[in-house]
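Enquirer: File coords-v3.txt below, compact mmCIF, C-alpha atoms:
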# COMPACT_ATOMS: atom_id res chain seq x y z
CA MET A 2 19.93 -54.99 18.29
CA ARG A 3 21.02 -52.25 20.69
CA ARG A 4 21.47 -48.75 19.25
CA VAL A 5 24.75 -46.96 19.59
CA ILE A 6 24.12 -44.03 21.95
CA GLY A 7 24.41 -40.65 20.26
CA PHE A 8 23.91 -41.82 16.67
CA PHE A 9 20.82 -42.04 14.49
CA GLN A 10 20.18 -44.69 11.89
CA PRO A 11 20.83 -43.42 8.32
CA GLY A 12 17.14 -42.92 7.48
CA GLU A 13 16.49 -40.93 10.64
CA LYS A 14 19.57 -38.76 10.18
CA GLU A 15 18.62 -38.08 6.56
CA ALA A 16 15.08 -37.14 7.59
CA PHE A 17 16.36 -34.67 10.18
CA GLY A 18 18.59 -33.11 7.53
CA ARG A 19 15.69 -32.72 5.11
CA ILE A 20 13.46 -31.27 7.82
CA SER A 21 16.22 -28.76 8.57
CA GLN A 22 16.14 -27.75 4.89
CA LEU A 23 12.41 -27.23 5.23
CA ALA A 24 12.93 -25.06 8.31
CA GLY A 25 15.52 -23.06 6.32
CA LEU A 26 12.87 -22.27 3.71
CA GLY A 27 10.65 -21.14 6.56
CA GLU A 28 13.36 -18.79 7.79
CA ASP A 29 13.67 -17.29 4.31
CA ALA A 30 9.90 -16.84 4.10
CA LEU A 31 9.77 -15.06 7.46
CA MET A 32 12.61 -12.75 6.43
CA LEU A 33 10.52 -11.77 3.41
CA LEU A 34 7.50 -11.17 5.66
CA VAL A 35 9.60 -8.82 7.78
CA LYS A 36 10.63 -7.04 4.57
CA ILE A 37 6.98 -6.59 3.54
CA LEU A 38 5.93 -5.37 6.99
CA SER A 39 8.85 -2.96 7.25
CA ARG A 40 7.92 -1.08 4.08
CA THR A 41 6.73 2.46 4.69
CA ASP A 42 5.81 3.24 1.07
CA ASN A 43 3.38 0.29 0.68
CA ASN A 44 4.83 -0.30 -2.81
CA LEU A 45 2.43 -2.83 -4.35
CA VAL A 46 4.90 -4.02 -6.99
CA MET A 47 7.52 -4.87 -4.35
CA VAL A 48 4.92 -6.44 -2.03
CA GLU A 49 3.67 -8.66 -4.86
CA ALA A 50 7.26 -9.65 -5.75
CA ASP A 51 7.99 -10.65 -2.16
CA THR A 52 4.67 -12.49 -1.87
CA SER A 53 5.42 -14.40 -5.08
CA ARG A 54 8.79 -15.43 -3.69
CA ILE A 55 7.13 -16.68 -0.49
CA SER A 56 4.72 -18.66 -2.68
CA GLU A 57 7.68 -20.24 -4.47
CA LEU A 58 9.27 -21.16 -1.13
CA GLU A 59 5.98 -22.71 0.02
CA LYS A 60 5.79 -24.85 -3.13
CA GLU A 61 9.43 -25.87 -2.73
CA GLY A 62 8.62 -26.84 0.84
CA ASP A 63 5.70 -28.98 -0.34
CA LYS A 64 8.08 -30.94 -2.57
CA ILE A 65 10.47 -31.58 0.31
CA THR A 66 7.58 -32.58 2.55
CA GLN A 67 6.27 -35.01 -0.06
CA SER A 68 9.70 -36.59 -0.53
CA ILE A 69 10.13 -37.09 3.23
CA GLU A 70 6.66 -38.59 3.55
CA GLU A 71 7.44 -40.95 0.69
CA GLU A 72 10.65 -42.03 2.43
CA ILE A 73 8.74 -42.65 5.65
CA GLY A 74 6.19 -44.66 3.68
CA ARG A 75 8.98 -46.79 2.25
CA GLY A 76 10.14 -47.71 5.73
CA SER A 77 13.26 -45.57 6.05
CA ILE A 78 12.04 -44.65 9.54
CA SER A 79 11.18 -47.33 12.08
CA ALA A 80 7.44 -47.93 12.40
CA SER A 81 7.39 -46.84 16.05
CA LEU A 82 8.74 -43.40 15.11
CA ALA A 83 6.99 -42.88 11.78
CA ASN A 84 4.03 -41.04 13.33
CA ASP A 85 6.23 -38.58 15.26
CA PHE A 86 8.37 -37.92 12.18
CA GLY A 87 5.22 -37.35 10.12
CA ARG A 88 3.88 -34.84 12.65
CA LEU A 89 7.28 -33.13 12.79
CA VAL A 90 7.38 -32.69 9.02
CA ASP A 91 3.80 -31.41 9.01
CA SER A 92 4.54 -28.85 11.75
CA VAL A 93 7.53 -27.37 9.90
CA ASP A 94 5.73 -27.41 6.54
CA SER A 95 2.77 -25.63 8.14
CA VAL A 96 5.09 -22.74 9.07
CA LEU A 97 5.53 -22.09 5.35
CA ASP A 98 1.76 -22.36 4.82
CA ARG A 99 1.13 -19.75 7.53
CA ALA A 100 3.82 -17.43 6.16
CA HIS A 101 2.21 -17.70 2.74
CA ALA A 102 -1.22 -16.94 4.18
CA VAL A 103 0.05 -13.86 6.04
CA SER A 104 1.84 -12.57 2.94
CA ARG A 105 -1.35 -12.83 0.88
CA GLN A 106 -3.28 -10.91 3.55
CA LEU A 107 -0.62 -8.18 3.51
CA ARG A 108 -0.83 -8.03 -0.27
CA ARG A 109 -4.60 -7.52 -0.02
CA MET A 110 -4.00 -4.65 2.39
CA ALA A 111 -1.49 -3.09 0.01
CA LYS A 112 -4.06 -3.21 -2.80
CA GLY A 113 -6.65 -1.40 -0.69
CA PRO A 114 -7.02 2.33 -0.05
CA VAL A 115 -4.57 4.16 2.17
CA ARG A 116 -5.54 3.63 5.80
CA LYS A 117 -7.00 6.57 7.65
CA SER A 118 -5.45 5.29 10.87
CA ARG A 119 -1.84 5.49 9.69
CA GLU A 120 -0.40 5.72 13.20
CA LEU A 121 -2.22 2.55 14.26
CA ASP A 122 -1.14 0.81 11.06
CA ALA A 123 2.50 1.74 11.67
CA SER A 124 2.27 0.54 15.27
CA PHE A 125 0.65 -2.72 14.18
CA ARG A 126 3.32 -3.40 11.59
CA LYS A 127 6.08 -2.75 14.11
CA GLU A 128 4.61 -5.28 16.55
CA GLN A 129 3.93 -7.72 13.73
CA VAL A 130 7.61 -7.55 12.82
CA ARG A 131 8.46 -8.37 16.44
CA LEU A 132 6.19 -11.40 16.33
CA VAL A 133 7.55 -12.68 13.01
CA GLU A 134 11.15 -12.11 14.14
CA ILE A 135 10.49 -14.27 17.21
CA GLY A 136 9.26 -17.00 14.87
CA ARG A 137 12.40 -16.64 12.75
CA GLN A 138 14.54 -17.01 15.88
CA GLU A 139 12.61 -20.14 16.80
CA LEU A 140 13.20 -21.64 13.35
CA HIS A 141 16.91 -20.86 13.55
CA LEU A 142 17.11 -22.61 16.91
CA LEU A 143 15.07 -25.51 15.54
CA ARG A 144 17.62 -26.02 12.77
CA GLU A 145 20.40 -26.06 15.34
CA LEU A 146 18.35 -28.46 17.44
CA LEU A 147 17.90 -30.82 14.48
CA ALA A 148 21.67 -30.83 13.94
CA THR A 149 22.45 -31.38 17.63
CA ALA A 150 19.72 -33.74 18.81
CA GLY A 151 21.47 -36.91 17.65
CA SER A 152 24.71 -36.24 19.48
CA ASP A 153 24.13 -34.04 22.53
CA ARG A 154 20.84 -34.58 24.35
CA THR A 155 21.65 -32.08 27.11
CA LYS A 156 22.37 -29.28 24.64
CA ALA A 157 19.28 -30.24 22.65
CA THR A 158 17.10 -29.97 25.76
CA VAL A 159 18.47 -26.48 26.46
CA MET A 160 17.67 -25.41 22.89
CA ALA A 161 14.15 -26.78 23.17
CA ARG A 162 13.67 -24.76 26.34
CA GLU A 163 14.89 -21.61 24.54
CA ILE A 164 12.30 -22.22 21.81
CA GLU A 165 9.61 -22.62 24.47
CA ASP A 166 10.68 -19.35 26.12
CA LEU A 167 10.49 -17.55 22.76
CA GLU A 168 7.00 -18.93 22.16
CA GLU A 169 5.88 -17.60 25.54
CA LYS A 170 7.42 -14.22 24.72
CA GLY A 171 5.50 -14.25 21.44
CA ASP A 172 2.25 -14.98 23.29
CA ASP A 173 2.74 -11.79 25.30
CA VAL A 174 3.33 -9.79 22.11
CA LYS A 175 0.27 -11.35 20.45
CA ASP A 176 -2.00 -10.65 23.44
CA ALA A 177 -0.87 -7.01 23.55
CA MET A 178 -1.51 -6.68 19.81
CA LEU A 179 -5.01 -8.14 20.07
CA ASP A 180 -5.80 -5.83 23.00
CA GLU A 181 -4.69 -2.84 20.91
CA ILE A 182 -6.72 -3.96 17.88
CA TYR A 183 -9.92 -4.56 19.83
CA GLY A 184 -9.39 -1.33 21.74
CA SER A 185 -9.12 0.60 18.46
CA TRP A 186 -12.09 -0.89 16.65
CA GLU A 187 -13.80 2.50 16.27
CA LYS A 188 -10.82 3.77 14.22
CA LEU A 189 -10.83 0.79 11.85
CA ASP A 190 -13.05 -0.25 8.97
CA PHE A 191 -14.20 -3.87 9.00
CA ALA A 192 -11.64 -5.03 6.40
CA ALA A 193 -8.71 -3.57 8.35
CA PHE A 194 -9.98 -4.89 11.68
CA ASN A 195 -10.45 -8.41 10.28
CA ASN A 196 -7.07 -8.31 8.53
CA TYR A 197 -5.21 -7.24 11.66
CA ILE A 198 -6.85 -9.98 13.73
CA GLN A 199 -6.27 -12.70 11.14
CA THR A 200 -2.63 -11.89 10.42
CA THR A 201 -1.84 -11.63 14.13
CA ILE A 202 -3.32 -15.06 14.82
CA GLU A 203 -1.62 -16.60 11.77
CA ALA A 204 1.74 -15.16 12.81
CA ASP A 205 1.30 -16.48 16.34
CA ASP A 206 0.46 -19.91 14.90
CA ILE A 207 3.97 -19.96 13.43
CA LEU A 208 5.46 -19.70 16.90
CA ASP A 209 3.21 -22.49 18.20
CA LEU A 210 4.18 -24.73 15.29
CA CYS A 211 7.88 -24.18 15.97
CA GLU A 212 7.42 -25.17 19.60
CA ASP A 213 5.43 -28.24 18.54
CA ALA A 214 8.25 -29.22 16.18
CA SER A 215 10.82 -28.74 18.93
CA ASP A 216 8.83 -30.97 21.30
CA LEU A 217 8.65 -33.67 18.64
CA VAL A 218 12.41 -33.54 18.02
CA ILE A 219 13.02 -34.10 21.72
CA ALA A 220 10.43 -36.92 21.80
CA VAL A 221 12.12 -38.65 18.87
CA THR A 222 15.55 -38.15 20.41
CA LYS A 223 14.46 -39.73 23.68
CA ALA A 224 12.85 -42.63 21.87
CA LEU A 225 16.09 -43.25 19.98
CA GLY A 226 18.11 -43.17 23.17
CA ALA A 227 20.38 -40.38 21.91
Turn this file's structure into structure tokens for me.
Expert:
Amino acid sequence: MRRVIGFFQPGEKEAFGRISQLAGLGEDALMLLVKILSRTDNNLVMVEADTSRISELEKEGDKITQSIEEEIGRGSISASLANDFGRLVDSVDSVLDRAHAVSRQLRRMAKGPVRKSRELDASFRKEQVRLVEIGRQELHLLRELLATAGSDRTKATVMAREIEDLEEKGDDVKDAMLDEIYGSWEKLDFAAFNNYIQTTIEADDILDLCEDASDLVIAVTKALGA
């Protein structure tokens, strides 16, 4: 039976809607990360509260992911698309996992002694905010892409390209951050050096995951003939 151009089947449309919810949780988590990174007082109580909220969002995301995977397993998505939908869900869910990991690393830093290299720490946090904000922009575009992909392929392709451009912009920010960290190793103790490297890479992973998700949305859209 020939598909009607521009419309998804009910199971596919429902899955896109649920994945958009998942991306919304990711946006909320990244907003909390920005809040943690923007603190100048390093208030441990507030950092722990924000980290706990990110943990709650991550668990909520796991429930949505599980429900989507169960729907896919029950055949709500055609067999030829099930793998791409599964990878799409995993990519968006992994954004929440990365946000949770970064928040825990930042909490560990807040529990430690005051950094001797305060200027470097302030500079790092400022650039980390830039990186996380790029990821939040990508997620926002991804949600718009999920809502548009079934009805306007041209507009969806433009959005996917915008996400790709943001990811490339994030790569430049990440590379500059890593150069600064490695160039300042003499000013950092091992724990701080390792933490800066790890959180930078984890934050950059978020951008990569968003681009992967965008690519999968376009792949699914093309396969559906939308």
Enquirer: Figure out the distance between atom CA of A:Leu97 and atom CA of A:Lys64, please, to one decimal in Å.
Expert: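 Going from atom CA of A:Lys64 over to atom CA of A:Leu97 covers 12.1 Å.
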Enquirer: Using only C-alpha atoms, what table do you get, as a tab-separated table, when you list each residue of stretch 61-94 of chain A with an atom no more than 12 Å from stretch 30-53 of chain A, its nearest pair of atoms, and their distance in Å rounded to one decimal, rows by chain then rising number?
Expert:
residue	atom	partner	partner_atom	distance
A:Glu61	CA	A:Ala30	CA	11.3
A:Gly62	CA	A:Ala30	CA	10.6
A:Asp94	CA	A:Ala30	CA	11.6
Enquirer: Could you name the residues that touch A:Ser124 at 12 Å or less, counting all atoms listed in the file, but leaving out those on the same chain fewer than 3 positions away, as a ChimeraX atom specification?
Expert: /A:38-39,41,118-121,127-131,177-178,181-182,185,197
Enquirer: Could you write those residues out with C-alpha atoms, as a compact mmCIF listing (two decimals), keeping the file's coordinate frame?
Expert:
# COMPACT_ATOMS: atom_id res chain seq x y z
CA LEU A 38 5.93 -5.37 6.99
CA SER A 39 8.85 -2.96 7.25
CA THR A 41 6.73 2.46 4.69
CA SER A 118 -5.45 5.29 10.87
CA ARG A 119 -1.84 5.49 9.69
CA GLU A 120 -0.40 5.72 13.20
CA LEU A 121 -2.22 2.55 14.26
CA LYS A 127 6.08 -2.75 14.11
CA GLU A 128 4.61 -5.28 16.55
CA GLN A 129 3.93 -7.72 13.73
CA VAL A 130 7.61 -7.55 12.82
CA ARG A 131 8.46 -8.37 16.44
CA ALA A 177 -0.87 -7.01 23.55
CA MET A 178 -1.51 -6.68 19.81
CA GLU A 181 -4.69 -2.84 20.91
CA ILE A 182 -6.72 -3.96 17.88
CA SER A 185 -9.12 0.60 18.46
CA TYR A 197 -5.21 -7.24 11.66
Enquirer: Atom CA of A:Asp29 and atom CA of A:Leu82, how far apart in Å?
Expert: 28.7 Å
Enquirer: Do you know which residues are at most 12 Å from A:Thr201 counting only C-alpha atoms, after dropping those on the same chain fewer than 5 positions away, and could you put them as a ChimeraX atom specification?
Expert: /A:99-100,102-104,106-107,125-133,171-172,174-182,194-196,206-208
Enquirer: Kindly give the distance, in Å, that separates atom CA of A:Ser56 and atom CA of A:Asp91, rounded to a single decimal.
Expert: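 Pair atom CA of A:Ser56 / atom CA of A:Asp91 returns 17.3 Å.
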Enquirer: Leaving out stretch 210-212 of chain A and any residue of its chain fewer than 3 positions from it, which residues lie within 10 Å of it when counting all atoms listed in the file, given as a short mmCIF file (atom, residue, chain, number, x, y, z; two decimals) with C-alpha atoms, in the coordinates of the input?
Expert:
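The result, written out as result_24.cif:
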data_model
loop_
_atom_site.label_atom_id
_atom_site.label_comp_id
_atom_site.auth_asym_id
_atom_site.auth_seq_id
_atom_site.Cartn_x
_atom_site.Cartn_y
_atom_site.Cartn_z
CA ALA A 24 12.93 -25.06 8.31
CA LEU A 89 7.28 -33.13 12.79
CA ASP A 91 3.80 -31.41 9.01
CA SER A 92 4.54 -28.85 11.75
CA VAL A 93 7.53 -27.37 9.90
CA ASP A 94 5.73 -27.41 6.54
CA SER A 95 2.77 -25.63 8.14
CA VAL A 96 5.09 -22.74 9.07
CA ARG A 99 1.13 -19.75 7.53
CA GLY A 136 9.26 -17.00 14.87
CA ARG A 137 12.40 -16.64 12.75
CA GLN A 138 14.54 -17.01 15.88
CA GLU A 139 12.61 -20.14 16.80
CA LEU A 140 13.20 -21.64 13.35
CA HIS A 141 16.91 -20.86 13.55
CA LEU A 142 17.11 -22.61 16.91
CA LEU A 143 15.07 -25.51 15.54
CA ALA A 161 14.15 -26.78 23.17
CA ARG A 162 13.67 -24.76 26.34
CA GLU A 163 14.89 -21.61 24.54
CA ILE A 164 12.30 -22.22 21.81
CA GLU A 165 9.61 -22.62 24.47
CA ASP A 166 10.68 -19.35 26.12
CA LEU A 167 10.49 -17.55 22.76
CA GLU A 168 7.00 -18.93 22.16
CA GLU A 169 5.88 -17.60 25.54
CA ASP A 205 1.30 -16.48 16.34
CA ASP A 206 0.46 -19.91 14.90
CA ILE A 207 3.97 -19.96 13.43
CA SER A 215 10.82 -28.74 18.93
CA ASP A 216 8.83 -30.97 21.30
CA LEU A 217 8.65 -33.67 18.64
CA VAL A 218 12.41 -33.54 18.02
#
Enquirer: I want to know what sits within 10 Å of A:Ile73, based on all atoms listed in the file, with residues of the same chain fewer than 5 positions away left out; could you give that as a PyMOL selection string?
Expert: chain A and resi 12-13+16+67-68+78-80+82-84+86-87
Enquirer: Which one is closest to A:Ala224: A:Tyr183, A:Lys170, A:Ile202, A:Arg154? Count only C-alpha atoms.
Expert: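 Closest candidate: A:Arg154.
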Enquirer: Let me make sure I understand: among A:Glu59, A:Asp173, A:Glu15, A:Asp85, which one has the smallest atom-to-atom distance to A:Glu28 if we use all atoms listed in the file?
Expert: A:Glu59
Enquirer: Of the candidates A:Thr155, A:Thr222, A:Thr149, A:Ser81, which one gets nearest to A:Gly18 if we count all atoms listed in the file?
Expert: A:Thr149
Enquirer: Determine the nearest neighbour of A:Asp153 from the options A:Gly27, A:Ile65, A:Ile219, A:Met110, counting all atoms listed in the file.
Expert: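 When distances to A:Asp153 are compared using all atoms listed in the file, the smallest one comes from A:Ile219.
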Enquirer: Which residue, A:Leu189, A:Ile55, A:Ala148, A:Lys14, has the smallest gap to A:His101 when you use all atoms listed in the file?
Expert: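 Counting all atoms listed in the file, the residue closest to A:His101 is A:Ile55.
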Enquirer: Using only C-alpha atoms, which residue out of A:Gly76, A:Arg88, A:Lys156, A:Leu26 lies closest to A:Lys60?
Expert: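 Counting only C-alpha atoms, the residue closest to A:Lys60 is A:Leu26.
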Enquirer: Write stretch 159-170 of chain A as a PDB file, keeping the file's coordinate frame, completed to all heavy atoms.
Expert:
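Saved the output as rebuild_5.pdb:
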ATOM      1  N   VAL A 159      18.328 -27.922  26.201  1.00  0.00           N
ATOM      2  CA  VAL A 159      18.470 -26.480  26.460  1.00  0.00           C
ATOM      3  C   VAL A 159      17.900 -25.676  25.299  1.00  0.00           C
ATOM      4  O   VAL A 159      17.189 -24.687  25.495  1.00  0.00           O
ATOM      5  CB  VAL A 159      19.957 -26.120  26.691  1.00  0.00           C
ATOM      6  CG1 VAL A 159      20.131 -24.600  26.736  1.00  0.00           C
ATOM      7  CG2 VAL A 159      20.466 -26.742  27.982  1.00  0.00           C
ATOM      8  N   MET A 160      18.194 -26.106  24.072  1.00  0.00           N
ATOM      9  CA  MET A 160      17.670 -25.410  22.890  1.00  0.00           C
ATOM     10  C   MET A 160      16.152 -25.472  22.840  1.00  0.00           C
ATOM     11  O   MET A 160      15.490 -24.484  22.502  1.00  0.00           O
ATOM     12  CB  MET A 160      18.251 -26.033  21.617  1.00  0.00           C
ATOM     13  CG  MET A 160      19.707 -25.729  21.371  1.00  0.00           C
ATOM     14  SD  MET A 160      20.290 -26.521  19.854  1.00  0.00           S
ATOM     15  CE  MET A 160      21.979 -25.920  19.823  1.00  0.00           C
ATOM     16  N   ALA A 161      15.610 -26.629  23.175  1.00  0.00           N
ATOM     17  CA  ALA A 161      14.150 -26.780  23.170  1.00  0.00           C
ATOM     18  C   ALA A 161      13.517 -25.837  24.183  1.00  0.00           C
ATOM     19  O   ALA A 161      12.446 -25.263  23.937  1.00  0.00           O
ATOM     20  CB  ALA A 161      13.778 -28.226  23.476  1.00  0.00           C
ATOM     21  N   ARG A 162      14.171 -25.667  25.313  1.00  0.00           N
ATOM     22  CA  ARG A 162      13.670 -24.760  26.340  1.00  0.00           C
ATOM     23  C   ARG A 162      13.738 -23.307  25.846  1.00  0.00           C
ATOM     24  O   ARG A 162      12.818 -22.517  26.107  1.00  0.00           O
ATOM     25  CB  ARG A 162      14.490 -24.908  27.627  1.00  0.00           C
ATOM     26  CG  ARG A 162      14.069 -23.966  28.751  1.00  0.00           C
ATOM     27  CD  ARG A 162      12.616 -24.175  29.151  1.00  0.00           C
ATOM     28  NE  ARG A 162      12.143 -23.101  30.026  1.00  0.00           N
ATOM     29  CZ  ARG A 162      10.891 -22.938  30.394  1.00  0.00           C
ATOM     30  NH1 ARG A 162       9.960 -23.774  29.977  1.00  0.00           N
ATOM     31  NH2 ARG A 162      10.540 -21.941  31.174  1.00  0.00           N
ATOM     32  N   GLU A 163      14.767 -22.963  25.102  1.00  0.00           N
ATOM     33  CA  GLU A 163      14.890 -21.610  24.540  1.00  0.00           C
ATOM     34  C   GLU A 163      13.747 -21.344  23.552  1.00  0.00           C
ATOM     35  O   GLU A 163      13.190 -20.238  23.510  1.00  0.00           O
ATOM     36  CB  GLU A 163      16.238 -21.446  23.849  1.00  0.00           C
ATOM     37  CG  GLU A 163      17.424 -21.380  24.809  1.00  0.00           C
ATOM     38  CD  GLU A 163      18.749 -21.273  24.080  1.00  0.00           C
ATOM     39  OE1 GLU A 163      18.748 -21.087  22.843  1.00  0.00           O
ATOM     40  OE2 GLU A 163      19.799 -21.396  24.736  1.00  0.00           O
ATOM     41  N   ILE A 164      13.413 -22.353  22.764  1.00  0.00           N
ATOM     42  CA  ILE A 164      12.300 -22.220  21.810  1.00  0.00           C
ATOM     43  C   ILE A 164      10.990 -22.017  22.565  1.00  0.00           C
ATOM     44  O   ILE A 164      10.154 -21.181  22.194  1.00  0.00           O
ATOM     45  CB  ILE A 164      12.230 -23.453  20.885  1.00  0.00           C
ATOM     46  CG1 ILE A 164      13.427 -23.453  19.941  1.00  0.00           C
ATOM     47  CG2 ILE A 164      10.914 -23.469  20.088  1.00  0.00           C
ATOM     48  CD1 ILE A 164      13.565 -24.721  19.109  1.00  0.00           C
ATOM     49  N   GLU A 165      10.809 -22.776  23.646  1.00  0.00           N
ATOM     50  CA  GLU A 165       9.610 -22.620  24.470  1.00  0.00           C
ATOM     51  C   GLU A 165       9.520 -21.222  25.073  1.00  0.00           C
ATOM     52  O   GLU A 165       8.441 -20.607  25.091  1.00  0.00           O
ATOM     53  CB  GLU A 165       9.616 -23.668  25.594  1.00  0.00           C
ATOM     54  CG  GLU A 165       8.378 -23.641  26.473  1.00  0.00           C
ATOM     55  CD  GLU A 165       8.417 -24.678  27.585  1.00  0.00           C
ATOM     56  OE1 GLU A 165       9.286 -25.570  27.538  1.00  0.00           O
ATOM     57  OE2 GLU A 165       7.577 -24.591  28.504  1.00  0.00           O
ATOM     58  N   ASP A 166      10.652 -20.694  25.541  1.00  0.00           N
ATOM     59  CA  ASP A 166      10.680 -19.350  26.120  1.00  0.00           C
ATOM     60  C   ASP A 166      10.310 -18.300  25.065  1.00  0.00           C
ATOM     61  O   ASP A 166       9.587 -17.335  25.356  1.00  0.00           O
ATOM     62  CB  ASP A 166      12.072 -19.040  26.688  1.00  0.00           C
ATOM     63  CG  ASP A 166      12.367 -19.835  27.950  1.00  0.00           C
ATOM     64  OD1 ASP A 166      11.422 -20.374  28.561  1.00  0.00           O
ATOM     65  OD2 ASP A 166      13.562 -19.922  28.322  1.00  0.00           O
ATOM     66  N   LEU A 167      10.809 -18.487  23.840  1.00  0.00           N
ATOM     67  CA  LEU A 167      10.490 -17.550  22.760  1.00  0.00           C
ATOM     68  C   LEU A 167       9.001 -17.599  22.432  1.00  0.00           C
ATOM     69  O   LEU A 167       8.382 -16.556  22.182  1.00  0.00           O
ATOM     70  CB  LEU A 167      11.312 -17.890  21.512  1.00  0.00           C
ATOM     71  CG  LEU A 167      12.786 -17.459  21.533  1.00  0.00           C
ATOM     72  CD1 LEU A 167      13.542 -18.095  20.369  1.00  0.00           C
ATOM     73  CD2 LEU A 167      12.913 -15.938  21.479  1.00  0.00           C
ATOM     74  N   GLU A 168       8.433 -18.805  22.443  1.00  0.00           N
ATOM     75  CA  GLU A 168       7.000 -18.930  22.160  1.00  0.00           C
ATOM     76  C   GLU A 168       6.175 -18.194  23.209  1.00  0.00           C
ATOM     77  O   GLU A 168       5.193 -17.519  22.880  1.00  0.00           O
ATOM     78  CB  GLU A 168       6.622 -20.418  22.115  1.00  0.00           C
ATOM     79  CG  GLU A 168       5.238 -20.693  21.532  1.00  0.00           C
ATOM     80  CD  GLU A 168       4.133 -20.524  22.554  1.00  0.00           C
ATOM     81  OE1 GLU A 168       4.392 -20.709  23.761  1.00  0.00           O
ATOM     82  OE2 GLU A 168       2.997 -20.182  22.159  1.00  0.00           O
ATOM     83  N   GLU A 169       6.588 -18.302  24.469  1.00  0.00           N
ATOM     84  CA  GLU A 169       5.880 -17.600  25.540  1.00  0.00           C
ATOM     85  C   GLU A 169       6.024 -16.086  25.391  1.00  0.00           C
ATOM     86  O   GLU A 169       5.071 -15.331  25.628  1.00  0.00           O
ATOM     87  CB  GLU A 169       6.418 -18.063  26.894  1.00  0.00           C
ATOM     88  CG  GLU A 169       6.053 -19.512  27.230  1.00  0.00           C
ATOM     89  CD  GLU A 169       6.710 -20.009  28.503  1.00  0.00           C
ATOM     90  OE1 GLU A 169       7.494 -19.239  29.109  1.00  0.00           O
ATOM     91  OE2 GLU A 169       6.448 -21.167  28.895  1.00  0.00           O
ATOM     92  N   LYS A 170       7.198 -15.642  24.978  1.00  0.00           N
ATOM     93  CA  LYS A 170       7.420 -14.220  24.720  1.00  0.00           C
ATOM     94  C   LYS A 170       6.502 -13.753  23.582  1.00  0.00           C
ATOM     95  O   LYS A 170       5.897 -12.672  23.651  1.00  0.00           O
ATOM     96  CB  LYS A 170       8.883 -13.978  24.340  1.00  0.00           C
ATOM     97  CG  LYS A 170       9.234 -12.541  24.014  1.00  0.00           C
ATOM     98  CD  LYS A 170      10.711 -12.419  23.639  1.00  0.00           C
ATOM     99  CE  LYS A 170      11.079 -10.999  23.250  1.00  0.00           C
ATOM    100  NZ  LYS A 170      12.519 -10.899  22.841  1.00  0.00           N
TER     101      LYS A 170
END
